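To keep things clear, I will list the structure first and then write my remarks on it.
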Amino acid sequence: MRWRSFVVIKSMKNSYFKTIDAGQGGAAQVVLEGDWVIDRSADIRAALKSFPEGRLEVLDASRVGRMDTWGIMQLQNLQRETGAEFILDDTQKKVFDFLAENESAPDAPEKGSALTQAVEALGRMASEGWKTAFGILSLVGEVSICFAKNIVNPRAFRFHSIVRHIEETGLRALPIIALLAVLISCVIAYQAATQLERFGATIFTVDLTVISILREMGVLVTAIMVAGRSGSAFAAEIGVMKLREEIDALKTMGFNPVEVLVLPRLIAMMITLPMLAFIADIVGLMGGGIVAILLLDIPIDQYIDRVDQVAKPMMFFVGLIKAPVFAFLITIVGAYQGMNVSGSAESVGKLTTVAVVQSIFLVIMADALFSIVFSTLRI
Amino acid sequence: MATPVVEVQGLVTKFGEQVVHDHLDLTLNEGEILGLVGGSGSGKSVLLRTILGLMPLREGEIRIKGREGNEGDNYKNWGVLFQNGALFSGLSVLDNITLPIRESFKLPEKEMEQLALKKLEMVGLKPEVAYKKPSELSGGMVKRASLARALALDPDILFLDEPTAGLDPIAAASFDELIKTLRDIFGLSVLIITHDLDTLTTLCDRIAMLVDKKITVGTLDEMMKSDHPWIKEYFTGPRMRAVQKGQ
């Protein structure tokens, strides 16, 4: 009489499955037990290391306690690997049938070597840059057309809107610009004084302060602060309007969004930035005065005299002429990025940042170009 | 004989190489309420935006009131209610409504205000709403305020993009009633993009389905008899049957 001996082959401390060998080289049967849940995943994975290799005939899962989605996944994997037949109770069967095996994940797109990726990234950056340049040029054209149309019919300008923006970009910026101008000029004057002391030439501190504030720093610092304040505000305001379909609504009502939104901001900025720069110049000279009087013991009337000697009208104009140009750059970049917003809050945040960074960059670049031009013209 | 006020013929639109509409035809007749339905992502909003000129078309023709194209003065012919209202968030409700009026007509302030309040009355909003900002309004009020703005210039054509989405059943029914009344009194032609089965069955004269990148159009009864699998499922599925049972 042949006995079929059921031998428990592995009676380790493993409480998650028991292997039952049918003897005589028959396929083994594995009985699963315990809780196959993700909380026990570490233990189960350890136990699975000693799972029998090769084909199995039967996988009995009906004695399993609790089972969650992870557990079911494991069992499905086991079945796939061993080709065994499952024994399940009714509830388990329902769940198993419902969670049919997923198809394998789609192949990750071919990435190519690091070099290819780098070249691709470079190409993408270049094409983005090209697109942005075109887009901005296009916006400049559009704004110019709107301006030209309105200038022959001045009542068409949206004065209410322009005035509101003058208040927002100019009046409300006044305190911070003034403060910034004082601080910057103090810093410049102090640094200059420290160096010039060696040559006993501290009086020239005044010269340096006056020249750098009037020609460069007054306008530049103002423009950078305004870029941060108003450049981001424009991008965000217009961007959120784009998000809420308000720009589309304008178009369907026959409005030109550039004329309604961008032109008033541009006009306002080109009025306020020069004024702010002017104030920054004045306050800056005062700041230099503070350092001169307190630190260098230059009496106030001597300071004023020296300033009078050094400051030439040309310096003032050289500084101020840049202001409208900076205003133009900041507004166009801010508005352009706002119009480019698409679909999500994340886009608004990202493009607002880009607007500020780009406008500050362009301002500084324009400043450099002006320097070159002026020095060539010996102004 | 029905006079078409909006005619779309042979429309092809694409995103890159992906075709959204494939030689699509659609007609909105004078005085009718046409429901536009389709699965999510089938291109309903794209179709509306193309008709409005917000998106370019690759091929085909769009005629509004017999005039080719959708440039120029077309905005005087239509009013649009966008999906989330798209009220100008920086302006009060009153200013939202008077904005289009101000652009085209010079009226004394008092008269403009009165006109705007009339529009509010037309859509069933109380005058107190006039000075609120859009952020202070409830969902139902936003939709009505947007409708008031869409009606500011007394257009002949109304485009509504999912007007009852997110409204409670009472507000939605009330909105449907409002559209019907406005159509009956002013002779409006209305194109409604909607998923609202109640709107489709009670309000719409015809239903246009965007399926397979084209339009299949018919009355409710005609659609219910359709053989097309998707249309069949739409009109004979459990939800539609429940709605019809309730009527």
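Ordered as shown in the structure tokens, chains take letters A, B, and onward, while each chain numbers its residues from 1 and ligands are numbered from 1 in the order shown.
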
Practice task
Output the contact residues of chain B with respect to chain A at a cut-off of 10 Å, based on only C-alpha atoms, as a VMD selection string.
Solution key: chain B and resid 49 52 to 54 70 to 90 99 to 101 103 to 104 149 to 150 153

Can I get the selection written as a short mmCIF file (atom, residue, chain, number, x, y, z; two decimals), in the first residue's frame, with N, CA and C atoms?
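The resulting out.cif:
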```cif
data_model
loop_
_atom_site.label_atom_id
_atom_site.label_comp_id
_atom_site.auth_asym_id
_atom_site.auth_seq_id
_atom_site.Cartn_x
_atom_site.Cartn_y
_atom_site.Cartn_z
N ARG B 49 -15.19 77.89 -27.57
CA ARG B 49 -14.15 78.89 -27.67
C ARG B 49 -13.82 79.20 -29.13
N LEU B 52 -16.41 81.46 -30.46
CA LEU B 52 -16.25 82.81 -29.92
C LEU B 52 -14.99 83.50 -30.42
N GLY B 53 -14.18 82.77 -31.18
CA GLY B 53 -12.98 83.40 -31.70
C GLY B 53 -11.82 83.42 -30.72
N LEU B 54 -11.93 82.67 -29.63
CA LEU B 54 -10.84 82.62 -28.66
C LEU B 54 -9.79 81.62 -29.08
N ASN B 70 -15.74 85.55 -36.95
CA ASN B 70 -16.22 85.99 -35.64
C ASN B 70 -15.39 87.16 -35.12
N GLU B 71 -14.98 88.01 -36.07
CA GLU B 71 -14.24 89.19 -35.65
C GLU B 71 -15.19 90.35 -35.42
N GLY B 72 -14.58 91.49 -35.23
CA GLY B 72 -15.30 92.76 -35.30
C GLY B 72 -16.42 92.89 -34.30
N ASP B 73 -17.58 93.22 -34.80
CA ASP B 73 -18.66 93.62 -33.90
C ASP B 73 -19.46 92.48 -33.33
N ASN B 74 -19.05 91.27 -33.57
CA ASN B 74 -19.86 90.13 -33.14
C ASN B 74 -20.20 90.17 -31.66
N TYR B 75 -19.31 90.79 -30.87
CA TYR B 75 -19.55 90.76 -29.44
C TYR B 75 -20.85 91.46 -29.08
N LYS B 76 -21.35 92.26 -29.99
CA LYS B 76 -22.62 92.91 -29.68
C LYS B 76 -23.79 91.96 -29.89
N ASN B 77 -23.54 90.87 -30.61
CA ASN B 77 -24.62 89.94 -30.91
C ASN B 77 -24.80 88.89 -29.84
N TRP B 78 -23.78 88.69 -29.04
CA TRP B 78 -23.86 87.57 -28.11
C TRP B 78 -23.51 87.97 -26.68
N GLY B 79 -23.91 87.11 -25.74
CA GLY B 79 -23.49 87.24 -24.35
C GLY B 79 -23.00 85.87 -23.93
N VAL B 80 -21.94 85.86 -23.09
CA VAL B 80 -21.34 84.59 -22.72
C VAL B 80 -21.32 84.42 -21.21
N LEU B 81 -21.73 83.25 -20.77
CA LEU B 81 -21.62 82.92 -19.34
C LEU B 81 -20.56 81.83 -19.22
N PHE B 82 -19.41 82.18 -18.66
CA PHE B 82 -18.32 81.22 -18.53
C PHE B 82 -18.56 80.29 -17.36
N GLN B 83 -17.79 79.22 -17.35
CA GLN B 83 -18.05 78.16 -16.41
C GLN B 83 -18.05 78.60 -14.96
N ASN B 84 -17.11 79.40 -14.56
CA ASN B 84 -17.10 79.83 -13.17
C ASN B 84 -17.53 81.27 -13.02
N GLY B 85 -18.26 81.75 -14.00
CA GLY B 85 -18.77 83.11 -13.92
C GLY B 85 -17.83 84.10 -14.59
N ALA B 86 -16.55 83.98 -14.30
CA ALA B 86 -15.55 84.90 -14.85
C ALA B 86 -15.94 86.35 -14.66
N LEU B 87 -16.55 86.64 -13.54
CA LEU B 87 -16.81 88.05 -13.21
C LEU B 87 -15.48 88.73 -12.92
N PHE B 88 -15.37 90.00 -13.26
CA PHE B 88 -14.12 90.71 -13.01
C PHE B 88 -14.00 90.94 -11.50
N SER B 89 -13.00 90.27 -10.93
CA SER B 89 -12.96 90.22 -9.46
C SER B 89 -12.65 91.57 -8.83
N GLY B 90 -12.08 92.51 -9.61
CA GLY B 90 -11.76 93.80 -9.01
C GLY B 90 -12.95 94.77 -9.02
N LEU B 99 -19.85 97.64 -17.50
CA LEU B 99 -18.62 97.73 -18.31
C LEU B 99 -18.88 97.64 -19.80
N PRO B 100 -19.58 96.60 -20.27
CA PRO B 100 -19.80 96.54 -21.72
C PRO B 100 -20.68 97.69 -22.22
N ILE B 101 -21.60 98.14 -21.38
CA ILE B 101 -22.48 99.24 -21.79
C ILE B 101 -21.64 100.51 -21.96
N GLU B 103 -18.59 100.88 -22.71
CA GLU B 103 -17.68 100.88 -23.85
C GLU B 103 -18.35 101.41 -25.10
N SER B 104 -19.62 100.99 -25.29
CA SER B 104 -20.23 101.30 -26.58
C SER B 104 -21.16 102.49 -26.55
N ARG B 149 -24.59 90.17 -16.68
CA ARG B 149 -23.56 90.81 -17.48
C ARG B 149 -23.64 90.36 -18.94
N ALA B 150 -23.92 89.05 -19.14
CA ALA B 150 -24.02 88.56 -20.51
C ALA B 150 -25.16 89.24 -21.24
N LEU B 153 -25.94 93.99 -23.10
CA LEU B 153 -26.21 94.71 -24.34
C LEU B 153 -27.40 94.13 -25.09
#
```

Exercise for the section: Pick out the residues sitting within 12 Å of B:Thr164, and hand them over as an MDAnalysis selection string; count only C-alpha atoms, and ignore anything fewer than 3 positions along from it in its own chain. Expected result: chainID B and resid 81:85 139:144 147 160:161 167:179 192:200

Tell me which protein, DNA and RNA residues are within 8 Å of stretch 262-272 of chain A, counting only C-alpha atoms, leaving out same-chain ones fewer than 2 positions away, and put them as a compact mmCIF listing (two decimals) with C-alpha atoms, in the first residue's frame.
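Result file part27.txt:
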```
# COMPACT_ATOMS: atom_id res chain seq x y z
CA VAL A 143 0.90 97.91 -26.97
CA CYS A 146 -3.08 100.48 -28.83
CA PHE A 147 -1.21 103.59 -27.79
CA PHE A 157 -7.48 106.48 -22.61
CA ARG A 158 -8.68 104.85 -19.43
CA PHE A 159 -7.82 107.64 -17.02
CA SER A 161 -7.35 103.00 -14.47
CA ILE A 162 -4.16 104.98 -15.10
CA VAL A 163 -4.66 107.06 -11.99
CA HIS A 165 -2.05 102.49 -11.10
CA ILE A 166 -0.16 105.70 -10.47
CA THR A 169 2.98 101.88 -8.27
CA GLY A 170 4.06 105.40 -7.33
CA PRO A 257 -7.08 92.91 -23.07
CA VAL A 258 -3.82 94.68 -23.95
CA GLU A 259 -5.59 97.99 -24.21
CA VAL A 260 -7.60 97.49 -21.03
CA PRO A 274 11.00 108.80 -13.15
CA MET A 275 9.31 110.59 -10.26
CA LEU A 276 10.37 107.92 -7.82
CA ALA A 323 13.83 105.62 -15.83
CA PRO A 324 11.17 105.43 -18.56
CA VAL A 325 13.16 102.70 -20.30
CA ALA A 327 9.58 101.27 -16.54
CA PHE A 328 8.85 99.98 -20.02
CA THR A 331 5.79 96.49 -17.28
CA ILE A 332 6.11 94.56 -20.52
CA ALA A 335 2.32 91.74 -18.29
```

Handout entry: Separation of atom CA of A:Val291 from atom CA of A:Tyr190 in Å
Key =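 Those two atoms sit 6.5 Å apart.
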
Exercise for the section: Would you please work out which residue, of A:Met339, A:Ala227, A:Val210, A:Leu273, is nearest to A:Arg306 when using only C-alpha atoms? Expected result: A:Val210

Handout entry: Nearest to A:Phe204, chosen from A:Val310, A:Val31, A:Cys186, A:Leu294, with only C-alpha atoms counted in the distances
Key = A:Val310

Handout entry: Residue contacts of A:Tyr16 (12 Å, only C-alpha atoms) excluding same-chain residues fewer than 5 positions away, as JSON, numbers by chain
Key = {"A": [10, 11, 30, 31, 32, 33, 34, 35, 36, 37, 40, 41, 42, 43, 44, 45, 46, 47, 48, 49, 50, 51, 60, 61, 63, 64, 65, 66, 67, 71, 75]}

Exercise for the section: Can you work out the spacing between atom CA of A:Gln191 and atom CA of A:Gly287 in Å, to one decimal? Expected result: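 About the pair atom CA of A:Gln191 and atom CA of A:Gly287: they are 13.2 Å apart.
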
Handout entry: Spatial neighbours of B:Ile97, 9 Å, only C-alpha atoms, chain gap at least 3 places, as a ChimeraX atom specification
Key = /B:92-94,100-101,116-117,119-120,145-146,148-152

How about saving the chosen residues, N, CA and C atoms kept, as a CSV table (one decimal), in the first residue's frame?
```
chain,number,residue,atom,x,y,z
B,92,SER,N,-17.2,95.7,-8.7
B,92,SER,CA,-18.5,95.3,-8.1
B,92,SER,C,-19.4,94.7,-9.2
B,93,VAL,N,-20.5,94.1,-8.7
B,93,VAL,CA,-21.4,93.5,-9.7
B,93,VAL,C,-21.9,94.5,-10.6
B,94,LEU,N,-22.3,95.7,-10.1
B,94,LEU,CA,-22.8,96.8,-10.9
B,94,LEU,C,-21.8,97.2,-12.0
B,100,PRO,N,-19.6,96.6,-20.3
B,100,PRO,CA,-19.8,96.5,-21.7
B,100,PRO,C,-20.7,97.7,-22.2
B,101,ILE,N,-21.6,98.1,-21.4
B,101,ILE,CA,-22.5,99.2,-21.8
B,101,ILE,C,-21.6,100.5,-22.0
B,116,ALA,N,-28.4,98.8,-15.2
B,116,ALA,CA,-27.8,97.7,-14.6
B,116,ALA,C,-28.7,97.0,-13.6
B,117,LEU,N,-29.4,97.9,-12.8
B,117,LEU,CA,-30.3,97.3,-11.8
B,117,LEU,C,-31.4,96.6,-12.5
B,119,LYS,N,-31.2,94.9,-15.3
B,119,LYS,CA,-30.6,93.6,-15.6
B,119,LYS,C,-30.6,92.7,-14.5
B,120,LEU,N,-30.2,93.2,-13.3
B,120,LEU,CA,-30.2,92.4,-12.1
B,120,LEU,C,-31.6,91.9,-11.8
B,145,ALA,N,-25.4,86.8,-11.7
B,145,ALA,CA,-24.7,88.0,-12.0
B,145,ALA,C,-24.0,88.0,-13.3
B,146,SER,N,-23.4,86.8,-13.6
B,146,SER,CA,-22.7,86.7,-14.9
B,146,SER,C,-23.7,86.7,-16.0
B,148,ALA,N,-26.5,88.3,-15.9
B,148,ALA,CA,-26.9,89.7,-16.1
B,148,ALA,C,-25.9,90.4,-16.9
B,149,ARG,N,-24.6,90.2,-16.7
B,149,ARG,CA,-23.6,90.8,-17.5
B,149,ARG,C,-23.6,90.4,-18.9
B,150,ALA,N,-23.9,89.1,-19.1
B,150,ALA,CA,-24.0,88.6,-20.5
B,150,ALA,C,-25.2,89.2,-21.2
B,151,LEU,N,-26.2,89.6,-20.5
B,151,LEU,CA,-27.4,90.2,-21.1
B,151,LEU,C,-27.3,91.8,-21.2
B,152,ALA,N,-26.1,92.3,-20.8
B,152,ALA,CA,-26.0,93.8,-20.7
B,152,ALA,C,-26.4,94.5,-22.0
```
